[in-house]
Structures are given as C-alpha cells and as structure tokens.
Amino acid sequence: MTPTATTAVPSADARGWRGQWNRAADVAARLISDSLLALVARIGIAGIFFMSGRTKVEGLLSVTDGAVDLFRDEYRLPLLSPELGAHLAAYAEHFFPLLLVLGLFTRGAALALLGMTAVIQVFVYPDAWVTHLSWAGLLLLLVGRGGGKWSLDRMLGIR
C-alpha cells in the first residue's frame with residue numbers, strides 16, 4: 001500500500017535541530033512559569049534597591065550624614081535639597097523593595113522604583129545606562145504583568 005496525501009510524514013524540522021530545539025523550548029516554558037519569573041524579578045530587583053538603601057542609613061532608618069553629603073556633592077538632584085533627597089531615597093529604597101518581596105501593590109512599587117531608576121539615569125549616572133536598562137527590564141515586567149500567583153496581590157485580588 002502506498003502512502004496517501006493524508007498520511008502524516010514528519011517534516012525535516014520536526015526531526016532536525018529545529019525540532020529538538022523547539023521541544024526543549026517547550027519543556028523550559030512548562031518548567032519556568034510566569035509566576036516564577038515574577039518572583040525572581042521581584043526578589044532580584046528588591047535586593048538591589050534595598051541594599052542601596054542600607055548604605056544610606058544606620059540602625060533601622062536613621063539617615064546618615066554621609067548620605068546627605070552624597071546627595072549634596074555627587075547626586076545634586078534638581079528641585080530637592082540634599083537632606084530631602086537623602087531621606088526620600090533612603091525610605092523609598094526600603095519601603096518599595098519590601099512591597100515587592102511581599103508581592104503587595106507590586107505594580108505600584110515597581111513603577112515607583114522605575115521612576116527612581118529614570119531619575120538616577122537622567123540626573124545622576126547617565127553613563128550607567130546598561131545597568132539601569134537591566135533594572136528597567138525587571139521593573140517593566142512587574143508593572144506589565146504584576147506579582148504573579150505567589151504574591152499577596154493575587155491572594156487579595158489586587159491587580
């Protein structure tokens with residue numbers, strides 16, 4: 001009996017390197033869920049900002065003179081006094097990462113840190129765009145997709 005037009009013949013792609021690649025990609029997509037990506041993004045970017053915030057304080061949240069000096073001598077943000085800038089940055093770098101780790105108001109916290117990233121890029125370290133772009137990539141994922149199923153947002157029904 002000869003094959004008819006309805007007999008399925010595997011294409012060269014299904015047997016070749018592209019087929020193997022596509023099968024491996026399907027396995028990776030099943031193993032690495034969007035919620036896992038969101039969790040890793042939340043913890044990763046939270047760690048970066050939280051550790052930066054810790055350099056500006058002593059004890060729990062006492063802003064150091066060194067942090068104020070940094071805002072006066074190096075950062076020089078327009079429209080903000082060094083004292084106000086140091087306090088706002090130190091508190092934001094503690095508060096918003098905490099929200100991200102918890103997955104609570106994830107989109108808002110990520111948007112706030114994205115705004116901080118933009119300020120840092122434009123006014124403080126314009127040559128560090130590669131670093132800031134990597135931060136923005138994680139933050140945009142969280143703004144666009146939210147905290148994932150392993151977040152307080154999901155438990156509380158917050159988008």
# chains A, B, ... in the order shown; residues from 1 in each chain; ligands from 1
>>> select_by_dssp(residues="chain A", states="alpha helix (DSSP H)", output="PyMOL selection string")
chain A and resi 12-15+17-31+34-54+65-70+82-102+106-119+129-145+152-156
>>> residues_around(residues="region 48-57 of chain A", least_positions_apart="5", cutoff="12 Å", atoms="only C-alpha atoms", output="compact mmCIF listing (two decimals) with N, CA and C atoms, in the first residue's frame")
# COMPACT_ATOMS: atom_id res chain seq x y z
N ALA A 41 12.10 38.15 39.58
CA ALA A 41 12.25 39.58 39.28
C ALA A 41 11.98 40.43 40.53
N ARG A 42 10.93 40.08 41.27
CA ARG A 42 10.59 40.83 42.48
C ARG A 42 11.73 40.78 43.49
N ILE A 43 12.23 39.59 43.77
CA ILE A 43 13.28 39.46 44.78
C ILE A 43 14.60 40.06 44.29
N SER A 62 17.85 55.54 60.32
CA SER A 62 18.45 56.84 60.60
C SER A 62 19.38 57.20 59.44
N VAL A 63 18.97 58.21 58.67
CA VAL A 63 19.75 58.62 57.50
C VAL A 63 21.07 59.23 57.97
N THR A 64 22.16 58.79 57.37
CA THR A 64 23.49 59.23 57.79
C THR A 64 23.87 60.58 57.18
N ASP A 65 24.81 61.24 57.82
CA ASP A 65 25.36 62.48 57.26
C ASP A 65 26.04 62.18 55.93
N GLY A 66 26.64 61.00 55.83
CA GLY A 66 27.30 60.62 54.58
C GLY A 66 26.33 60.55 53.41
N ALA A 67 25.11 60.08 53.68
CA ALA A 67 24.10 60.02 52.62
C ALA A 67 23.71 61.42 52.18
N VAL A 68 23.56 62.32 53.14
CA VAL A 68 23.22 63.71 52.80
C VAL A 68 24.36 64.32 52.00
N ASP A 69 25.60 64.09 52.42
CA ASP A 69 26.76 64.59 51.68
C ASP A 69 26.79 64.05 50.26
N LEU A 70 26.43 62.78 50.10
CA LEU A 70 26.40 62.16 48.77
C LEU A 70 25.39 62.89 47.88
N PHE A 71 24.25 63.22 48.41
CA PHE A 71 23.25 63.95 47.63
C PHE A 71 23.68 65.39 47.37
N GLU A 83 19.16 67.12 51.88
CA GLU A 83 18.55 66.47 53.05
C GLU A 83 17.27 65.73 52.66
N GLY A 85 16.32 64.84 49.60
CA GLY A 85 16.64 63.77 48.64
C GLY A 85 17.18 62.52 49.32
N ALA A 86 18.07 62.70 50.29
CA ALA A 86 18.64 61.56 51.01
C ALA A 86 17.57 60.81 51.78
N HIS A 87 16.70 61.55 52.45
CA HIS A 87 15.63 60.90 53.22
C HIS A 87 14.63 60.19 52.31
N LEU A 88 14.20 60.85 51.26
CA LEU A 88 13.24 60.22 50.35
C LEU A 88 13.82 58.96 49.72
N ALA A 89 15.06 59.04 49.26
CA ALA A 89 15.69 57.88 48.63
C ALA A 89 15.86 56.73 49.62
N ALA A 90 16.34 57.05 50.81
CA ALA A 90 16.58 56.00 51.82
C ALA A 90 15.27 55.29 52.18
N TYR A 91 14.21 56.06 52.39
CA TYR A 91 12.93 55.44 52.77
C TYR A 91 12.33 54.67 51.61
N ALA A 92 12.40 55.24 50.41
CA ALA A 92 11.85 54.56 49.23
C ALA A 92 12.60 53.26 48.95
N GLU A 93 13.92 53.28 49.16
CA GLU A 93 14.72 52.08 48.88
C GLU A 93 14.52 50.99 49.93
N HIS A 94 13.82 51.30 50.98
CA HIS A 94 13.43 50.28 51.96
C HIS A 94 11.98 49.85 51.76
N PHE A 95 11.09 50.83 51.57
CA PHE A 95 9.66 50.56 51.52
C PHE A 95 9.25 49.80 50.25
N PHE A 96 9.63 50.30 49.09
CA PHE A 96 9.18 49.67 47.84
C PHE A 96 9.76 48.27 47.64
N PRO A 97 11.03 48.02 47.98
CA PRO A 97 11.51 46.64 47.91
C PRO A 97 10.76 45.69 48.84
N LEU A 98 10.40 46.17 50.03
CA LEU A 98 9.61 45.33 50.94
C LEU A 98 8.28 44.94 50.29
N LEU A 99 7.62 45.91 49.67
CA LEU A 99 6.37 45.61 48.97
C LEU A 99 6.60 44.59 47.85
N LEU A 100 7.71 44.72 47.12
CA LEU A 100 7.99 43.77 46.05
C LEU A 100 8.20 42.36 46.57
N VAL A 101 8.96 42.22 47.64
CA VAL A 101 9.20 40.89 48.20
C VAL A 101 7.89 40.25 48.63
N ALA A 109 4.69 49.59 43.32
CA ALA A 109 6.06 49.60 43.86
C ALA A 109 7.07 49.55 42.73
N ALA A 110 6.81 48.72 41.73
CA ALA A 110 7.73 48.62 40.59
C ALA A 110 7.75 49.93 39.81
N ALA A 112 7.20 52.93 41.02
CA ALA A 112 7.96 53.90 41.82
C ALA A 112 9.46 53.70 41.64
N LEU A 113 9.91 52.45 41.68
CA LEU A 113 11.34 52.17 41.50
C LEU A 113 11.78 52.44 40.06
N LEU A 114 10.88 52.25 39.12
CA LEU A 114 11.20 52.60 37.72
C LEU A 114 11.39 54.11 37.60
N MET A 116 12.43 56.06 40.05
CA MET A 116 13.74 56.32 40.67
C MET A 116 14.87 56.00 39.69
N THR A 117 14.71 54.89 38.98
CA THR A 117 15.73 54.49 38.00
C THR A 117 15.88 55.56 36.93
N THR A 131 23.31 49.24 33.19
CA THR A 131 22.79 48.80 34.48
C THR A 131 21.34 49.22 34.65
N HIS A 132 21.05 50.46 34.34
CA HIS A 132 19.70 50.97 34.52
C HIS A 132 18.70 50.29 33.58
N SER A 134 18.92 47.17 32.65
CA SER A 134 18.63 45.85 33.24
C SER A 134 17.64 45.98 34.39
N TRP A 135 17.74 47.03 35.18
CA TRP A 135 16.75 47.27 36.24
C TRP A 135 15.39 47.53 35.63
N LEU A 138 13.45 44.38 34.45
CA LEU A 138 12.77 43.66 35.53
C LEU A 138 11.55 44.42 36.03
N LEU A 139 11.71 45.73 36.19
CA LEU A 139 10.61 46.54 36.71
C LEU A 139 9.44 46.63 35.72
>>> select_by_dssp(residues="chain A", states="strand (DSSP E)", output="PyMOL selection string")
chain A and resi 57-58+62-63
>>> atom_distance(atom1="CA of Ser35 (chain A)", atom2="CA of Gly157 (chain A)")
15.3 Å
>>> residues_around(residues="Lys149 (chain A)", least_positions_apart="2", cutoff="10 Å", atoms="only C-alpha atoms", output="PyMOL selection string")
chain A and resi 33-36+38-39+103+146-147+151-155
>>> write_last_selection(atoms="N, CA and C atoms", output="mmCIF file, in the first residue's frame")
data_model
loop_
_atom_site.group_PDB
_atom_site.id
_atom_site.type_symbol
_atom_site.label_atom_id
_atom_site.label_comp_id
_atom_site.auth_asym_id
_atom_site.auth_seq_id
_atom_site.Cartn_x
_atom_site.Cartn_y
_atom_site.Cartn_z
ATOM 1 N N SER A 33 7.532 29.076 34.845
ATOM 2 C CA SER A 33 6.245 29.764 34.697
ATOM 3 C C SER A 33 6.416 31.277 34.802
ATOM 4 N N ASP A 34 5.395 31.985 34.352
ATOM 5 C CA ASP A 34 5.399 33.445 34.504
ATOM 6 C C ASP A 34 5.468 33.843 35.976
ATOM 7 N N SER A 35 4.838 33.053 36.836
ATOM 8 C CA SER A 35 4.872 33.365 38.265
ATOM 9 C C SER A 35 6.275 33.191 38.840
ATOM 10 N N LEU A 36 7.009 32.197 38.366
ATOM 11 C CA LEU A 36 8.397 32.031 38.805
ATOM 12 C C LEU A 36 9.239 33.211 38.329
ATOM 13 N N ALA A 38 8.188 36.228 37.725
ATOM 14 C CA ALA A 38 7.795 37.397 38.520
ATOM 15 C C ALA A 38 8.426 37.343 39.909
ATOM 16 N N LEU A 39 8.431 36.166 40.521
ATOM 17 C CA LEU A 39 9.030 36.027 41.858
ATOM 18 C C LEU A 39 10.520 36.347 41.826
ATOM 19 N N GLY A 103 5.057 40.984 47.365
ATOM 20 C CA GLY A 103 4.136 40.936 46.240
ATOM 21 C C GLY A 103 2.875 41.715 46.533
ATOM 22 N N GLY A 146 2.459 42.171 36.766
ATOM 23 C CA GLY A 146 2.106 42.032 38.171
ATOM 24 C C GLY A 146 3.005 41.039 38.888
ATOM 25 N N GLY A 147 2.637 40.747 40.128
ATOM 26 C CA GLY A 147 3.479 39.947 41.009
ATOM 27 C C GLY A 147 3.399 38.443 40.828
ATOM 28 N N SER A 151 2.061 35.872 45.245
ATOM 29 C CA SER A 151 2.121 37.247 45.747
ATOM 30 C C SER A 151 0.891 37.521 46.599
ATOM 31 N N LEU A 152 1.022 38.486 47.498
ATOM 32 C CA LEU A 152 -0.129 38.920 48.273
ATOM 33 C C LEU A 152 -1.173 39.586 47.374
ATOM 34 N N ASP A 153 -0.716 40.215 46.309
ATOM 35 C CA ASP A 153 -1.659 40.797 45.358
ATOM 36 C C ASP A 153 -2.664 39.752 44.881
ATOM 37 N N ARG A 154 -2.170 38.592 44.490
ATOM 38 C CA ARG A 154 -3.047 37.543 43.992
ATOM 39 C C ARG A 154 -3.990 37.049 45.093
ATOM 40 N N MET A 155 -3.435 36.870 46.293
ATOM 41 C CA MET A 155 -4.262 36.395 47.410
ATOM 42 C C MET A 155 -5.374 37.366 47.765
#
>>> atom_distance(atom1="CA of Ile45 (chain A)", atom2="CA of Trp150 (chain A)")
16.3 Å
>>> atom_distance(atom1="CA of Ile158 (chain A)", atom2="CA of Leu31 (chain A)")
25.5 Å
>>> decode(residues="region 8-150 of chain A", atoms="C-alpha atoms", output="compact mmCIF listing (two decimals), in the first residue's frame")
# COMPACT_ATOMS: atom_id res chain seq x y z
CA ALA A 8 1.37 12.38 8.18
CA VAL A 9 5.03 12.45 7.31
CA PRO A 10 7.23 14.20 9.88
CA SER A 11 8.79 17.29 8.40
CA ALA A 12 12.51 17.74 8.36
CA ASP A 13 12.07 20.44 11.04
CA ALA A 14 10.42 18.04 13.49
CA ARG A 15 13.30 15.56 13.23
CA GLY A 16 16.13 18.04 12.81
CA TRP A 17 17.84 20.51 15.07
CA ARG A 18 14.94 22.96 14.97
CA GLY A 19 12.51 20.32 16.16
CA GLN A 20 14.82 19.36 19.01
CA TRP A 21 15.29 22.99 19.91
CA ASN A 22 11.55 23.64 19.86
CA ARG A 23 10.86 20.62 22.08
CA ALA A 24 13.49 21.83 24.56
CA ALA A 25 11.93 25.32 24.48
CA ASP A 26 8.52 23.80 25.22
CA VAL A 27 9.96 21.96 28.25
CA ALA A 28 11.60 25.18 29.50
CA ALA A 29 8.33 27.09 29.07
CA ARG A 30 6.47 24.47 31.14
CA LEU A 31 9.13 24.44 33.90
CA ILE A 32 9.66 28.21 34.10
CA SER A 33 6.24 29.76 34.70
CA ASP A 34 5.40 33.45 34.50
CA SER A 35 4.87 33.36 38.26
CA LEU A 36 8.40 32.03 38.81
CA LEU A 37 9.78 34.79 36.57
CA ALA A 38 7.80 37.40 38.52
CA LEU A 39 9.03 36.03 41.86
CA VAL A 40 12.66 36.09 40.73
CA ALA A 41 12.25 39.58 39.28
CA ARG A 42 10.59 40.83 42.48
CA ILE A 43 13.28 39.46 44.78
CA GLY A 44 16.18 40.34 42.49
CA ILE A 45 15.33 43.98 41.93
CA ALA A 46 14.19 44.39 45.54
CA GLY A 47 17.62 43.23 46.69
CA ILE A 48 19.39 45.80 44.54
CA PHE A 49 17.37 48.74 45.84
CA PHE A 50 17.21 47.53 49.45
CA MET A 51 21.00 47.12 49.67
CA SER A 52 21.42 50.60 48.22
CA GLY A 53 19.03 51.92 50.87
CA ARG A 54 21.02 50.23 53.62
CA THR A 55 24.12 52.23 52.61
CA LYS A 56 22.24 55.44 53.41
CA VAL A 57 21.16 54.59 56.97
CA GLU A 58 22.39 53.48 60.35
CA GLY A 59 20.29 51.29 62.58
CA LEU A 60 16.77 50.86 61.38
CA LEU A 61 16.22 54.04 59.32
CA SER A 62 18.45 56.84 60.60
CA VAL A 63 19.75 58.62 57.50
CA THR A 64 23.49 59.23 57.79
CA ASP A 65 25.36 62.48 57.26
CA GLY A 66 27.30 60.62 54.58
CA ALA A 67 24.10 60.02 52.62
CA VAL A 68 23.22 63.71 52.80
CA ASP A 69 26.76 64.59 51.68
CA LEU A 70 26.40 62.16 48.77
CA PHE A 71 23.25 63.95 47.63
CA ARG A 72 24.93 67.33 48.09
CA ASP A 73 28.27 66.57 46.42
CA GLU A 74 27.67 63.81 43.88
CA TYR A 75 23.99 63.31 43.08
CA ARG A 76 22.97 67.02 43.03
CA LEU A 77 19.33 66.45 42.16
CA PRO A 78 17.47 69.50 40.88
CA LEU A 79 14.46 70.74 42.86
CA LEU A 80 15.32 68.74 46.02
CA SER A 81 17.52 69.73 48.90
CA PRO A 82 20.22 67.16 49.70
CA GLU A 83 18.55 66.47 53.05
CA LEU A 84 15.15 65.80 51.49
CA GLY A 85 16.64 63.77 48.64
CA ALA A 86 18.64 61.56 51.01
CA HIS A 87 15.63 60.90 53.22
CA LEU A 88 13.24 60.22 50.35
CA ALA A 89 15.69 57.88 48.63
CA ALA A 90 16.58 56.00 51.82
CA TYR A 91 12.93 55.44 52.77
CA ALA A 92 11.85 54.56 49.23
CA GLU A 93 14.72 52.08 48.88
CA HIS A 94 13.43 50.28 51.96
CA PHE A 95 9.66 50.56 51.52
CA PHE A 96 9.18 49.67 47.84
CA PRO A 97 11.51 46.64 47.91
CA LEU A 98 9.61 45.33 50.94
CA LEU A 99 6.37 45.61 48.97
CA LEU A 100 7.99 43.77 46.05
CA VAL A 101 9.20 40.89 48.20
CA LEU A 102 5.72 40.53 49.65
CA GLY A 103 4.14 40.94 46.24
CA LEU A 104 1.88 43.63 47.65
CA PHE A 105 0.91 46.52 45.36
CA THR A 106 3.58 45.11 43.06
CA ARG A 107 2.77 47.24 40.02
CA GLY A 108 2.84 50.48 42.03
CA ALA A 109 6.06 49.60 43.86
CA ALA A 110 7.73 48.62 40.59
CA LEU A 111 6.52 51.83 38.95
CA ALA A 112 7.96 53.90 41.82
CA LEU A 113 11.34 52.17 41.50
CA LEU A 114 11.20 52.60 37.72
CA GLY A 115 10.75 56.33 38.33
CA MET A 116 13.74 56.32 40.67
CA THR A 117 15.73 54.49 38.00
CA ALA A 118 14.82 57.15 35.45
CA VAL A 119 15.93 59.94 37.82
CA ILE A 120 19.21 58.15 38.51
CA GLN A 121 19.79 57.65 34.78
CA VAL A 122 18.98 61.22 33.75
CA PHE A 123 20.42 63.24 36.63
CA VAL A 124 22.97 61.11 38.49
CA TYR A 125 24.72 58.46 36.40
CA PRO A 126 23.84 58.91 32.71
CA ASP A 127 26.72 56.69 31.60
CA ALA A 128 25.37 53.71 33.57
CA TRP A 129 22.55 53.07 31.10
CA VAL A 130 23.35 49.36 30.77
CA THR A 131 22.79 48.80 34.48
CA HIS A 132 19.70 50.97 34.52
CA LEU A 133 18.28 49.21 31.47
CA SER A 134 18.63 45.85 33.24
CA TRP A 135 16.75 47.27 36.24
CA ALA A 136 14.09 48.74 33.96
CA GLY A 137 13.61 45.38 32.25
CA LEU A 138 12.77 43.66 35.53
CA LEU A 139 10.61 46.54 36.71
CA LEU A 140 8.69 46.77 33.42
CA LEU A 141 7.91 43.05 33.66
CA LEU A 142 6.40 43.64 37.10
CA VAL A 143 4.48 46.75 36.04
CA GLY A 144 3.12 44.97 32.98
CA ARG A 145 2.39 41.52 34.41
CA GLY A 146 2.11 42.03 38.17
CA GLY A 147 3.48 39.95 41.01
CA GLY A 148 2.34 36.52 39.82
CA LYS A 149 0.44 33.84 41.68
CA TRP A 150 2.96 33.75 44.55
